[in-house]
$ cat start_13.cif   # mmCIF, C-alpha atoms
data_run
#
loop_
_atom_site.group_PDB
_atom_site.id
_atom_site.type_symbol
_atom_site.label_atom_id
_atom_site.label_comp_id
_atom_site.auth_asym_id
_atom_site.auth_seq_id
_atom_site.Cartn_x
_atom_site.Cartn_y
_atom_site.Cartn_z
ATOM 1 C CA MET A 58 8.199 36.622 35.743
ATOM 2 C CA LEU A 59 4.511 37.439 35.895
ATOM 3 C CA LEU A 60 4.755 38.215 39.620
ATOM 4 C CA TYR A 61 7.830 40.361 39.008
ATOM 5 C CA LYS A 62 5.954 42.263 36.328
ATOM 6 C CA TYR A 63 3.026 42.805 38.661
ATOM 7 C CA TYR A 64 5.078 44.112 41.593
ATOM 8 C CA SER A 65 7.392 46.220 39.435
ATOM 9 C CA LYS A 66 4.381 48.130 38.083
ATOM 10 C CA ARG A 67 3.530 49.253 41.614
ATOM 11 C CA GLN A 68 6.946 50.886 41.941
ATOM 12 C CA GLU A 69 6.846 52.746 38.632
ATOM 13 C CA ILE A 70 7.098 56.548 38.613
ATOM 14 C CA GLU A 71 3.762 58.205 38.979
ATOM 15 C CA PRO A 72 2.478 59.679 35.710
ATOM 16 C CA MET A 73 2.507 63.453 35.261
ATOM 17 C CA THR A 74 -0.839 65.201 35.477
ATOM 18 C CA PHE A 75 -1.944 67.545 32.683
ATOM 19 C CA SER A 76 -4.967 69.744 32.506
ATOM 20 C CA THR A 77 -5.698 68.556 28.937
ATOM 21 C CA LEU A 78 -4.300 66.075 26.402
ATOM 22 C CA GLU A 79 -5.836 67.708 23.339
ATOM 23 C CA SER A 80 -2.456 68.789 21.983
ATOM 24 C CA ILE A 81 -1.188 65.195 21.729
ATOM 25 C CA SER A 82 -4.468 63.417 21.005
ATOM 26 C CA GLY A 83 -3.459 62.683 17.392
ATOM 27 C CA LEU A 84 -0.089 61.145 18.277
ATOM 28 C CA TYR A 85 -1.477 57.759 19.360
ATOM 29 C CA SER A 86 0.002 55.085 17.055
ATOM 30 C CA TRP A 87 0.213 51.276 16.579
ATOM 31 C CA LYS A 88 3.526 51.275 18.437
ATOM 32 C CA GLU A 89 1.773 52.165 21.675
ATOM 33 C CA LYS A 90 -0.527 49.163 21.192
ATOM 34 C CA ALA A 91 2.303 46.813 20.198
ATOM 35 C CA ILE A 92 4.631 47.716 23.067
ATOM 36 C CA LYS A 93 2.148 46.339 25.601
ATOM 37 C CA TYR A 94 2.470 42.894 24.038
ATOM 38 C CA LEU A 95 6.253 42.925 23.786
ATOM 39 C CA PRO A 96 6.758 40.999 27.072
ATOM 40 C CA ILE A 97 4.793 38.092 25.606
ATOM 41 C CA LEU A 98 7.863 37.227 23.513
ATOM 42 C CA ARG A 99 9.865 36.836 26.719
ATOM 43 C CA TYR A 100 7.238 34.600 28.281
ATOM 44 C CA LEU A 101 7.115 32.424 25.168
ATOM 45 C CA ALA A 102 10.904 32.205 25.204
ATOM 46 C CA LEU A 103 10.772 31.057 28.839
ATOM 47 C CA ALA A 104 8.213 28.373 27.948
ATOM 48 C CA ALA A 105 10.434 27.164 25.103
ATOM 49 C CA LEU A 106 13.453 27.013 27.429
ATOM 50 C CA MET A 107 11.479 24.954 29.935
ATOM 51 C CA LEU A 108 10.469 22.602 27.140
ATOM 52 C CA ALA A 109 14.103 22.259 26.045
ATOM 53 C CA MET A 110 15.164 21.492 29.626
ATOM 54 C CA ALA A 111 12.582 18.696 29.713
ATOM 55 C CA ARG A 112 14.728 16.989 27.023
ATOM 56 C CA PRO A 113 12.092 15.964 24.471
ATOM 57 C CA GLN A 114 12.970 12.879 22.417
ATOM 58 C CA GLN A 115 11.781 11.261 19.229
ATOM 59 C CA THR A 116 11.351 7.485 19.295
ATOM 60 C CA LEU A 117 12.752 5.678 16.276
ATOM 61 C CA LYS A 118 11.630 2.066 15.897
ATOM 62 C CA GLU A 119 13.427 -0.648 14.015
ATOM 63 C CA GLU A 120 11.925 -4.044 13.232
ATOM 64 C CA VAL A 121 13.915 -7.178 12.678
ATOM 65 C CA VAL A 122 11.680 -9.853 11.165
ATOM 66 C CA LYS A 123 12.582 -13.505 11.331
ATOM 67 C CA ALA A 124 10.128 -15.313 9.080
ATOM 68 C CA GLU A 125 10.006 -18.259 6.746
ATOM 69 C CA GLY A 126 8.639 -16.410 3.729
ATOM 70 C CA ILE A 127 6.498 -18.138 1.133
ATOM 71 C CA ASP A 128 7.239 -17.907 -2.593
ATOM 72 C CA ILE A 129 4.008 -17.436 -4.543
ATOM 73 C CA ILE A 130 3.345 -17.333 -8.291
ATOM 74 C CA LEU A 131 0.056 -15.890 -9.519
ATOM 75 C CA ALA A 132 -0.841 -17.552 -12.835
ATOM 76 C CA MET A 133 -3.631 -15.576 -14.521
ATOM 77 C CA ASP A 134 -5.695 -16.416 -17.585
ATOM 78 C CA LEU A 135 -5.735 -13.728 -20.313
ATOM 79 C CA SER A 136 -7.974 -15.476 -22.819
ATOM 80 C CA SER A 137 -10.655 -13.303 -24.425
ATOM 81 C CA SER A 138 -13.363 -14.994 -22.314
ATOM 82 C CA MET A 139 -11.919 -13.185 -19.286
ATOM 83 C CA LEU A 140 -13.704 -10.094 -20.674
ATOM 84 C CA ALA A 141 -17.095 -11.696 -19.965
ATOM 85 C CA LYS A 142 -19.566 -9.339 -18.294
ATOM 86 C CA ASP A 143 -20.838 -11.643 -15.531
ATOM 87 C CA PHE A 144 -18.446 -9.707 -13.248
ATOM 88 C CA ASP A 145 -18.591 -5.909 -13.073
ATOM 89 C CA PRO A 146 -17.059 -4.615 -15.311
ATOM 90 C CA ASP A 147 -15.534 -7.937 -16.427
ATOM 91 C CA ARG A 148 -13.794 -11.025 -15.028
ATOM 92 C CA LEU A 149 -10.252 -9.839 -15.726
ATOM 93 C CA THR A 150 -10.620 -6.405 -14.084
ATOM 94 C CA VAL A 151 -12.129 -7.872 -10.919
ATOM 95 C CA SER A 152 -9.526 -10.665 -10.824
ATOM 96 C CA LYS A 153 -6.691 -8.117 -11.020
ATOM 97 C CA GLU A 154 -8.167 -5.941 -8.257
ATOM 98 C CA VAL A 155 -8.722 -8.871 -5.900
ATOM 99 C CA ALA A 156 -5.238 -10.254 -6.606
ATOM 100 C CA ALA A 157 -3.724 -6.846 -5.800
ATOM 101 C CA LYS A 158 -5.471 -6.868 -2.401
ATOM 102 C CA PHE A 159 -4.060 -10.337 -1.758
ATOM 103 C CA VAL A 160 -0.540 -9.091 -2.584
ATOM 104 C CA ASP A 161 -0.920 -6.274 -0.038
ATOM 105 C CA LYS A 162 -1.558 -8.818 2.708
ATOM 106 C CA ARG A 163 1.591 -10.847 1.961
ATOM 107 C CA VAL A 164 4.069 -8.271 3.237
ATOM 108 C CA TYR A 165 7.052 -10.588 3.752
ATOM 109 C CA ASP A 166 6.571 -12.985 0.812
ATOM 110 C CA ARG A 167 8.152 -13.061 -2.617
ATOM 111 C CA ILE A 168 5.456 -12.998 -5.295
ATOM 112 C CA GLY A 169 5.659 -13.344 -9.072
ATOM 113 C CA LEU A 170 3.176 -13.098 -11.938
ATOM 114 C CA VAL A 171 2.701 -15.468 -14.891
ATOM 115 C CA VAL A 172 0.079 -14.884 -17.601
ATOM 116 C CA PHE A 173 -1.263 -17.335 -20.129
ATOM 117 C CA ALA A 174 -3.714 -17.589 -23.010
ATOM 118 C CA GLY A 175 -2.744 -19.528 -26.147
ATOM 119 C CA ASP A 176 0.810 -19.453 -24.769
ATOM 120 C CA SER A 177 2.367 -18.177 -21.519
ATOM 121 C CA PHE A 178 5.184 -15.980 -20.226
ATOM 122 C CA THR A 179 6.486 -14.514 -16.990
ATOM 123 C CA GLN A 180 5.218 -10.987 -16.473
ATOM 124 C CA THR A 181 7.068 -10.464 -13.164
ATOM 125 C CA PRO A 182 9.633 -12.803 -11.564
ATOM 126 C CA LEU A 183 9.571 -13.456 -7.816
ATOM 127 C CA THR A 184 10.048 -10.191 -5.979
ATOM 128 C CA THR A 185 9.454 -8.509 -2.627
ATOM 129 C CA ASP A 186 8.855 -5.188 -4.396
ATOM 130 C CA HIS A 187 5.097 -5.486 -4.365
ATOM 131 C CA ASN A 188 4.536 -2.006 -5.807
ATOM 132 C CA ILE A 189 6.248 -2.999 -9.053
ATOM 133 C CA LEU A 190 4.341 -6.282 -9.074
ATOM 134 C CA LYS A 191 1.010 -4.470 -8.711
ATOM 135 C CA ASP A 192 1.942 -2.050 -11.503
ATOM 136 C CA PHE A 193 2.562 -4.964 -13.876
ATOM 137 C CA LEU A 194 -0.587 -6.686 -12.640
ATOM 138 C CA ALA A 195 -2.672 -3.593 -13.357
ATOM 139 C CA ASN A 196 -1.331 -3.369 -16.930
ATOM 140 C CA ILE A 197 -1.994 -6.920 -18.131
ATOM 141 C CA GLU A 198 -4.867 -7.248 -20.608
ATOM 142 C CA CYS A 199 -6.456 -9.643 -23.019
ATOM 143 C CA GLY A 200 -4.745 -9.648 -26.410
ATOM 144 C CA MET A 201 -1.188 -9.707 -25.080
ATOM 145 C CA LEU A 202 -1.000 -13.347 -26.271
ATOM 146 C CA ASP A 203 -2.701 -15.393 -28.976
ATOM 147 C CA ASP A 204 -6.171 -16.358 -27.847
ATOM 148 C CA GLY A 205 -6.772 -19.707 -26.200
ATOM 149 C CA THR A 206 -6.508 -21.323 -22.776
ATOM 150 C CA ALA A 207 -3.194 -23.096 -22.284
ATOM 151 C CA ILE A 208 -3.541 -24.114 -18.633
ATOM 152 C CA GLY A 209 -0.644 -26.569 -18.933
ATOM 153 C CA MET A 210 1.649 -23.870 -20.338
ATOM 154 C CA GLY A 211 0.709 -21.471 -17.546
ATOM 155 C CA LEU A 212 1.439 -24.103 -14.900
ATOM 156 C CA ALA A 213 4.717 -25.088 -16.567
ATOM 157 C CA THR A 214 5.923 -21.468 -16.680
ATOM 158 C CA ALA A 215 4.963 -20.925 -13.035
ATOM 159 C CA THR A 216 6.717 -24.162 -12.039
ATOM 160 C CA ASN A 217 9.836 -23.122 -13.925
ATOM 161 C CA ARG A 218 9.913 -19.879 -11.956
ATOM 162 C CA LEU A 219 9.591 -21.677 -8.608
ATOM 163 C CA LYS A 220 11.791 -24.726 -9.161
ATOM 164 C CA ASN A 221 15.019 -22.994 -8.030
ATOM 165 C CA SER A 222 13.385 -21.362 -5.015
ATOM 166 C CA LYS A 223 15.024 -22.180 -1.678
ATOM 167 C CA SER A 224 11.832 -21.426 0.236
ATOM 168 C CA LYS A 225 10.335 -24.344 2.143
ATOM 169 C CA SER A 226 6.852 -23.350 0.976
ATOM 170 C CA LYS A 227 6.165 -22.802 -2.747
ATOM 171 C CA VAL A 228 2.667 -21.959 -3.933
ATOM 172 C CA ILE A 229 1.003 -21.447 -7.328
ATOM 173 C CA ILE A 230 -2.399 -19.765 -7.527
ATOM 174 C CA LEU A 231 -3.868 -20.453 -10.962
ATOM 175 C CA LEU A 232 -6.946 -18.527 -12.064
ATOM 176 C CA THR A 233 -8.843 -19.444 -15.228
ATOM 177 C CA ASP A 234 -12.356 -19.371 -16.673
ATOM 178 C CA GLY A 235 -12.185 -22.072 -19.331
ATOM 179 C CA VAL A 236 -11.052 -25.434 -20.609
ATOM 180 C CA ASN A 237 -7.513 -26.289 -21.659
ATOM 181 C CA ASN A 238 -7.505 -26.009 -25.469
ATOM 182 C CA ALA A 239 -4.024 -24.823 -26.415
ATOM 183 C CA GLY A 240 -0.339 -25.354 -25.683
ATOM 184 C CA TYR A 241 1.916 -28.387 -26.055
ATOM 185 C CA ILE A 242 2.159 -29.254 -22.318
ATOM 186 C CA LYS A 243 -0.722 -31.115 -20.728
ATOM 187 C CA PRO A 244 -2.015 -29.596 -17.451
ATOM 188 C CA LEU A 245 -1.618 -32.863 -15.506
ATOM 189 C CA THR A 246 1.941 -33.250 -16.780
ATOM 190 C CA ALA A 247 2.768 -29.741 -15.540
ATOM 191 C CA ALA A 248 1.082 -30.565 -12.213
ATOM 192 C CA GLU A 249 3.202 -33.700 -11.853
ATOM 193 C CA ILE A 250 6.354 -31.651 -12.369
ATOM 194 C CA ALA A 251 5.145 -29.148 -9.751
ATOM 195 C CA GLU A 252 4.510 -32.018 -7.355
ATOM 196 C CA GLU A 253 8.083 -33.253 -7.853
ATOM 197 C CA TYR A 254 9.336 -29.852 -6.687
ATOM 198 C CA ASP A 255 7.014 -29.862 -3.639
ATOM 199 C CA MET A 256 4.825 -27.066 -4.950
ATOM 200 C CA LYS A 257 1.241 -26.586 -3.855
ATOM 201 C CA ILE A 258 -1.286 -25.467 -6.464
ATOM 202 C CA TYR A 259 -4.515 -23.626 -5.655
ATOM 203 C CA THR A 260 -6.840 -23.409 -8.659
ATOM 204 C CA ILE A 261 -9.683 -20.905 -9.055
ATOM 205 C CA GLY A 262 -12.455 -21.222 -11.634
ATOM 206 C CA VAL A 263 -13.944 -17.803 -12.419
ATOM 207 C CA GLY A 264 -17.382 -17.398 -13.958
ATOM 208 C CA THR A 265 -21.062 -17.558 -13.202
ATOM 209 C CA THR A 266 -23.171 -20.654 -13.699
ATOM 210 C CA GLY A 267 -25.199 -20.887 -16.895
ATOM 211 C CA ALA A 268 -24.516 -18.329 -19.622
ATOM 212 C CA ALA A 269 -22.743 -14.971 -19.691
ATOM 213 C CA LEU A 270 -22.174 -12.090 -22.114
ATOM 214 C CA THR A 271 -18.827 -13.156 -23.577
ATOM 215 C CA PRO A 272 -16.648 -12.188 -26.574
ATOM 216 C CA VAL A 273 -17.702 -14.454 -29.457
ATOM 217 C CA ASN A 274 -15.851 -12.773 -32.314
ATOM 218 C CA ARG A 275 -13.378 -10.018 -33.110
ATOM 219 C CA ARG A 276 -13.749 -7.318 -35.747
ATOM 220 C CA ASN A 277 -11.045 -6.077 -38.080
ATOM 221 C CA ASP A 278 -10.442 -3.038 -35.866
ATOM 222 C CA GLY A 279 -9.592 -5.311 -32.935
ATOM 223 C CA LYS A 280 -12.782 -4.752 -30.957
ATOM 224 C CA PHE A 281 -14.642 -7.742 -29.556
ATOM 225 C CA VAL A 282 -18.189 -8.689 -30.487
ATOM 226 C CA PHE A 283 -20.146 -9.910 -27.462
ATOM 227 C CA GLY A 284 -22.876 -12.499 -27.294
ATOM 228 C CA MET A 285 -24.427 -14.886 -24.787
ATOM 229 C CA SER A 286 -22.311 -17.978 -24.335
ATOM 230 C CA LYS A 287 -22.345 -20.936 -21.973
ATOM 231 C CA VAL A 288 -19.815 -20.777 -19.128
ATOM 232 C CA ASN A 289 -17.679 -23.870 -19.441
ATOM 233 C CA ILE A 290 -14.954 -24.476 -16.804
ATOM 234 C CA ASP A 291 -13.117 -27.785 -16.541
ATOM 235 C CA GLU A 292 -13.673 -28.120 -12.810
ATOM 236 C CA LYS A 293 -12.741 -31.790 -12.795
ATOM 237 C CA LEU A 294 -9.284 -31.011 -14.217
ATOM 238 C CA LEU A 295 -8.710 -28.085 -11.857
ATOM 239 C CA SER A 296 -9.749 -30.175 -8.845
ATOM 240 C CA GLU A 297 -7.412 -32.978 -9.887
ATOM 241 C CA ILE A 298 -4.482 -30.575 -10.286
ATOM 242 C CA SER A 299 -5.013 -29.116 -6.810
ATOM 243 C CA LYS A 300 -5.591 -32.489 -5.155
ATOM 244 C CA MET A 301 -2.431 -33.909 -6.727
ATOM 245 C CA THR A 302 -0.258 -31.174 -5.186
ATOM 246 C CA GLY A 303 -2.006 -30.804 -1.822
ATOM 247 C CA GLY A 304 -3.860 -27.616 -2.721
ATOM 248 C CA ARG A 305 -7.560 -26.884 -3.203
ATOM 249 C CA TYR A 306 -9.928 -25.966 -5.989
ATOM 250 C CA PHE A 307 -12.295 -22.989 -5.610
ATOM 251 C CA ARG A 308 -15.167 -21.734 -7.750
ATOM 252 C CA ALA A 309 -15.902 -18.004 -7.849
ATOM 253 C CA THR A 310 -19.229 -16.974 -9.337
ATOM 254 C CA ASP A 311 -19.048 -13.325 -8.236
ATOM 255 C CA GLU A 312 -16.629 -10.743 -6.844
ATOM 256 C CA ALA A 313 -17.533 -11.360 -3.186
ATOM 257 C CA MET A 314 -16.833 -15.068 -3.552
ATOM 258 C CA LEU A 315 -13.506 -14.362 -5.269
ATOM 259 C CA ASN A 316 -12.517 -12.078 -2.400
ATOM 260 C CA SER A 317 -13.383 -14.758 0.146
ATOM 261 C CA ILE A 318 -11.341 -17.335 -1.805
ATOM 262 C CA TYR A 319 -8.207 -15.198 -1.710
ATOM 263 C CA ASP A 320 -8.836 -14.527 1.990
ATOM 264 C CA GLU A 321 -9.059 -18.283 2.609
ATOM 265 C CA ILE A 322 -5.844 -18.939 0.703
ATOM 266 C CA ASP A 323 -4.203 -16.158 2.697
ATOM 267 C CA GLN A 324 -5.198 -17.923 5.926
ATOM 268 C CA LEU A 325 -4.171 -21.377 4.674
ATOM 269 C CA GLU A 326 -0.704 -20.146 3.758
ATOM 270 C CA LYS A 327 0.119 -18.202 6.898
ATOM 271 C CA THR A 328 3.676 -18.524 8.166
ATOM 272 C CA GLU A 329 4.956 -18.049 11.681
ATOM 273 C CA MET A 330 7.205 -15.061 12.126
ATOM 274 C CA GLU A 331 9.136 -13.489 14.935
ATOM 275 C CA VAL A 332 9.268 -9.714 15.026
ATOM 276 C CA ASN A 333 11.811 -8.019 17.291
ATOM 277 C CA VAL A 334 11.301 -4.295 17.825
ATOM 278 C CA PHE A 335 14.291 -2.139 18.758
ATOM 279 C CA LYS A 336 13.798 1.429 19.892
ATOM 280 C CA ARG A 337 16.271 4.256 19.432
ATOM 281 C CA TYR A 338 15.846 7.756 20.779
ATOM 282 C CA LYS A 339 16.844 11.024 19.153
ATOM 283 C CA ASP A 340 17.124 14.210 21.232
ATOM 284 C CA ILE A 341 15.172 17.113 19.739
ATOM 285 C CA PHE A 342 15.697 19.698 22.529
ATOM 286 C CA ARG A 343 17.564 21.901 20.044
ATOM 287 C CA ILE A 344 14.318 22.900 18.354
ATOM 288 C CA PRO A 345 12.697 24.625 21.386
ATOM 289 C CA LEU A 346 16.142 25.937 22.448
ATOM 290 C CA ILE A 347 16.684 27.676 19.109
ATOM 291 C CA LEU A 348 13.106 28.981 19.261
ATOM 292 C CA ALA A 349 13.713 30.429 22.743
ATOM 293 C CA PHE A 350 16.881 32.294 21.736
ATOM 294 C CA GLY A 351 15.156 33.496 18.572
ATOM 295 C CA LEU A 352 12.276 34.970 20.581
ATOM 296 C CA LEU A 353 14.655 36.663 23.023
ATOM 297 C CA LEU A 354 16.660 38.110 20.143
ATOM 298 C CA LEU A 355 13.486 39.354 18.467
ATOM 299 C CA GLU A 356 12.343 41.055 21.678
ATOM 300 C CA PHE A 357 15.741 42.712 22.138
ATOM 301 C CA ILE A 358 15.793 44.021 18.559
ATOM 302 C CA LEU A 359 12.245 45.373 18.752
ATOM 303 C CA ARG A 360 12.857 46.981 22.154
ATOM 304 C CA GLN A 361 16.002 48.684 20.908
ATOM 305 C CA SER A 362 14.571 49.838 17.571
ATOM 306 C CA ILE A 363 10.989 50.541 16.475
ATOM 307 C CA LEU A 364 9.477 49.906 19.949
ATOM 308 C CA ARG A 365 12.135 51.762 21.936
ATOM 309 C CA THR A 366 10.821 53.865 24.867
ATOM 310 C CA LEU A 367 12.249 56.787 26.847
ATOM 311 C CA PRO A 368 13.475 57.187 29.469
#
$ encode --input "start_13.cif" --output "structure tokens"
Amino acid sequence: MLLYKYYSKRQEIEPMTFSTLESISGLYSWKEKAIKYLPILRYLALAALMLAMARPQQTLKEEVVKAEGIDIILAMDLSSSMLAKDFDPDRLTVSKEVAAKFVDKRVYDRIGLVVFAGDSFTQTPLTTDHNILKDFLANIECGMLDDGTAIGMGLATATNRLKNSKSKSKVIILLTDGVNNAGYIKPLTAAEIAEEYDMKIYTIGVGTTGAALTPVNRRNDGKFVFGMSKVNIDEKLLSEISKMTGGRYFRATDEAMLNSIYDEIDQLEKTEMEVNVFKRYKDIFRIPLILAFGLLLLEFILRQSILRTLP
């Protein structure tokens, strides 16, 4: 088309010669500028037609995952001591953030959330909808239950949620920062029940060594009064619980260590999976084809209307 345009110009009628153009000097308008660029629409239309003839396609991928998913219950301590300031800003906030990162890594697993303090309850049952789980996780806070540390109750509630699971691998991750001092179920009794159902328990003790700025009292308006208090975690009990069920006990004294613990648990509980990828193709040649006809139509309309030339 460019060659045709070049050679056709050589055969155009010679322009008329005038002695002066002063009489029509003021008649020069934007149309004379625009008409020179009108052929560009035709060239663009040709390019779009060539693109349509190339038959562009969009690749649509489908994944079929064959995996033995793991059912996991996160059992989290909500006693007032979880507001201790040895983590920034406190133990509970950091524990929730790190747990949320762990959930993101377990794409194909069902995960639930159990909370405990002086008592326990299920915050979220086992689910693959991890966005909902993380929303509930983000909203838990100290004060939702009577104060205390009922480790046995938390384990019993988590076990109750997993006992009917048909998954071959059932895991409880229990996080606490204290000593069992509440509830009517002993921690070792709950661990024995979990062992009967082939559950594996990982326990995490959260808190620095020595003393930490911890809630020591509560005012009438509900706000906590903080003071230095000794960090006291029943590591012997937590180790025994994990050992009994084939899990492991971890101690986290800062955020980095807590992150590494969840990473280690993530690696320990990996499951083999087979991912089959199927590809489908969708033709999208209609888009450049419609564009080409639109450009040709626009050129025709402009040439026959506001940019029309004579003869």
$ resolve_selection --input "start_13.cif" --expression "the PyMOL selection byres ((chain A and resi 305-322) around 6)" --output "list of chain:residue names"
A:Tyr259, A:Thr260, A:Ile261, A:Gly262, A:Val263, A:Gly264, A:Thr265, A:Ser296, A:Ser299, A:Gly304, A:Asp323, A:Gln324, A:Leu325
$ residues_around --input "start_13.cif" --residues "segment 206-218 of chain A" --least-positions-apart "6" --cutoff "6 Å" --atoms "all atoms listed in the file" --output "JSON, numbers by chain"
{"A": [173, 174, 175, 176, 177, 237, 238, 239, 240, 242, 243, 244, 247, 251]}
$ write_last_selection --input "start_13.cif" --atoms "C-alpha atoms" --output "mmCIF file, in the frame of the given file"
data_model
loop_
_atom_site.group_PDB
_atom_site.id
_atom_site.type_symbol
_atom_site.label_atom_id
_atom_site.label_comp_id
_atom_site.auth_asym_id
_atom_site.auth_seq_id
_atom_site.Cartn_x
_atom_site.Cartn_y
_atom_site.Cartn_z
ATOM 1 C CA PHE A 173 -1.263 -17.335 -20.129
ATOM 2 C CA ALA A 174 -3.714 -17.589 -23.010
ATOM 3 C CA GLY A 175 -2.744 -19.528 -26.147
ATOM 4 C CA ASP A 176 0.810 -19.453 -24.769
ATOM 5 C CA SER A 177 2.367 -18.177 -21.519
ATOM 6 C CA ASN A 237 -7.513 -26.289 -21.659
ATOM 7 C CA ASN A 238 -7.505 -26.009 -25.469
ATOM 8 C CA ALA A 239 -4.024 -24.823 -26.415
ATOM 9 C CA GLY A 240 -0.339 -25.354 -25.683
ATOM 10 C CA ILE A 242 2.159 -29.254 -22.318
ATOM 11 C CA LYS A 243 -0.722 -31.115 -20.728
ATOM 12 C CA PRO A 244 -2.015 -29.596 -17.451
ATOM 13 C CA ALA A 247 2.768 -29.741 -15.540
ATOM 14 C CA ALA A 251 5.145 -29.148 -9.751
#
$ axis_aligned_box --input "start_13.cif" --around "segment 270-286 of chain A" --padding-each-side "3 Å" --output "AutoDock Vina command-line options"
--center_x -17.0 --center_y -10.5 --center_z -30.1 --size_x 20.8 --size_y 20.9 --size_z 22.0
$ resolve_selection --input "start_13.cif" --expression "the PyMOL selection byres ((chain A and resi 196) around 12)" --output "VMD selection string"
chain A and resid 135 149 to 150 153 to 154 157 170 172 180 to 181 189 to 195 197 to 201
$ atom_distance --input "start_13.cif" --atom1 "atom CA of Leu359 of chain A" --atom2 "atom CA of Ala111 of chain A"
28.8 Å
$ resolve_selection --input "start_13.cif" --expression "the PyMOL selection byres ((chain A and resi 115) around 8)" --output "ChimeraX atom specification"
/A:113-114,116-117,338-341
$ closest_residue --input "start_13.cif" --among "A:Asn188, A:Asn221, A:Ser362, A:Ser137" --to "Phe283 of chain A" --atoms "all atoms listed in the file"
A:Ser137
$ atom_distance --input "start_13.cif" --atom1 "atom CA of Asp161 of chain A" --atom2 "atom CA of Phe178 of chain A"
23.2 Å
$ atom_distance --input "start_13.cif" --atom1 "atom CA of Met139 of chain A" --atom2 "atom CA of Asp278 of chain A"
19.5 Å
$ residues_around --input "start_13.cif" --residues "segment 342-352 of chain A" --least-positions-apart "4" --cutoff "7 Å" --atoms "all atoms listed in the file" --output "list in words"
Leu98, Arg99, Ala102, Leu103, Ala105, Leu106, Leu108, Ala109, Arg112, Pro113 and Glu356 of chain A
$ residues_near_point --input "start_13.cif" --point "(10.3, 50.0, 23.8)" --cutoff "12 Å" --atoms "all atoms listed in the file" --output "list in words"
Lys88, Glu89, Lys90, Ala91, Ile92, Lys93, Tyr94, Leu95, Pro96, Glu356, Phe357, Ile358, Leu359, Arg360, Gln361, Ser362, Ile363, Leu364, Arg365, Thr366, Leu367 and Pro368 of chain A
$ closest_residue --input "start_13.cif" --among "A:Thr302, A:Asn289, A:Thr266, A:Thr233" --to "Ser136 of chain A" --atoms "all atoms listed in the file"
A:Thr233
$ residues_around --input "start_13.cif" --residues "Asp255 of chain A" --least-positions-apart "3" --cutoff "9 Å" --atoms "all atoms listed in the file" --output "list of chain:residue names"
A:Lys220, A:Lys225, A:Ser226, A:Lys227, A:Ile250, A:Ala251, A:Glu252, A:Thr302
$ write_last_selection --input "start_13.cif" --atoms "C-alpha atoms" --output "PDB file, in the frame of the given file"
ATOM      1  CA  LYS A 220      11.791 -24.726  -9.161  1.00  0.00           C
ATOM      2  CA  LYS A 225      10.335 -24.344   2.143  1.00  0.00           C
ATOM      3  CA  SER A 226       6.852 -23.350   0.976  1.00  0.00           C
ATOM      4  CA  LYS A 227       6.165 -22.802  -2.747  1.00  0.00           C
ATOM      5  CA  ILE A 250       6.354 -31.651 -12.369  1.00  0.00           C
ATOM      6  CA  ALA A 251       5.145 -29.148  -9.751  1.00  0.00           C
ATOM      7  CA  GLU A 252       4.510 -32.018  -7.355  1.00  0.00           C
ATOM      8  CA  THR A 302      -0.258 -31.174  -5.186  1.00  0.00           C
TER       9      THR A 302
END
$ closest_residue --input "start_13.cif" --among "A:Leu232, A:Leu270, A:Leu245, A:Met285" --to "Glu297 of chain A" --atoms "only C-alpha atoms"
A:Leu245
$ decode --input "start_13.cif" --residues "segment 93-112 of chain A" --atoms "C-alpha atoms" --output "compact mmCIF listing (two decimals), in the first residue's frame"
# COMPACT_ATOMS: atom_id res chain seq x y z
CA LYS A 93 -2.74 14.20 4.96
CA TYR A 94 -2.98 11.77 7.86
CA LEU A 95 -6.21 10.13 6.73
CA PRO A 96 -4.43 7.20 4.99
CA ILE A 97 -2.89 6.23 8.33
CA LEU A 98 -6.28 4.81 9.35
CA ARG A 99 -6.14 2.48 6.36
CA TYR A 100 -2.64 1.33 7.21
CA LEU A 101 -3.64 0.66 10.81
CA ALA A 102 -6.66 -1.28 9.59
CA LEU A 103 -4.37 -3.40 7.39
CA ALA A 104 -2.09 -4.11 10.37
CA ALA A 105 -5.10 -5.16 12.45
CA LEU A 106 -6.31 -7.47 9.67
CA MET A 107 -2.88 -9.09 9.47
CA LEU A 108 -2.95 -9.60 13.22
CA ALA A 109 -6.41 -11.19 13.00
CA MET A 110 -5.21 -13.53 10.23
CA ALA A 111 -2.38 -14.65 12.51
CA ARG A 112 -5.13 -16.13 14.76
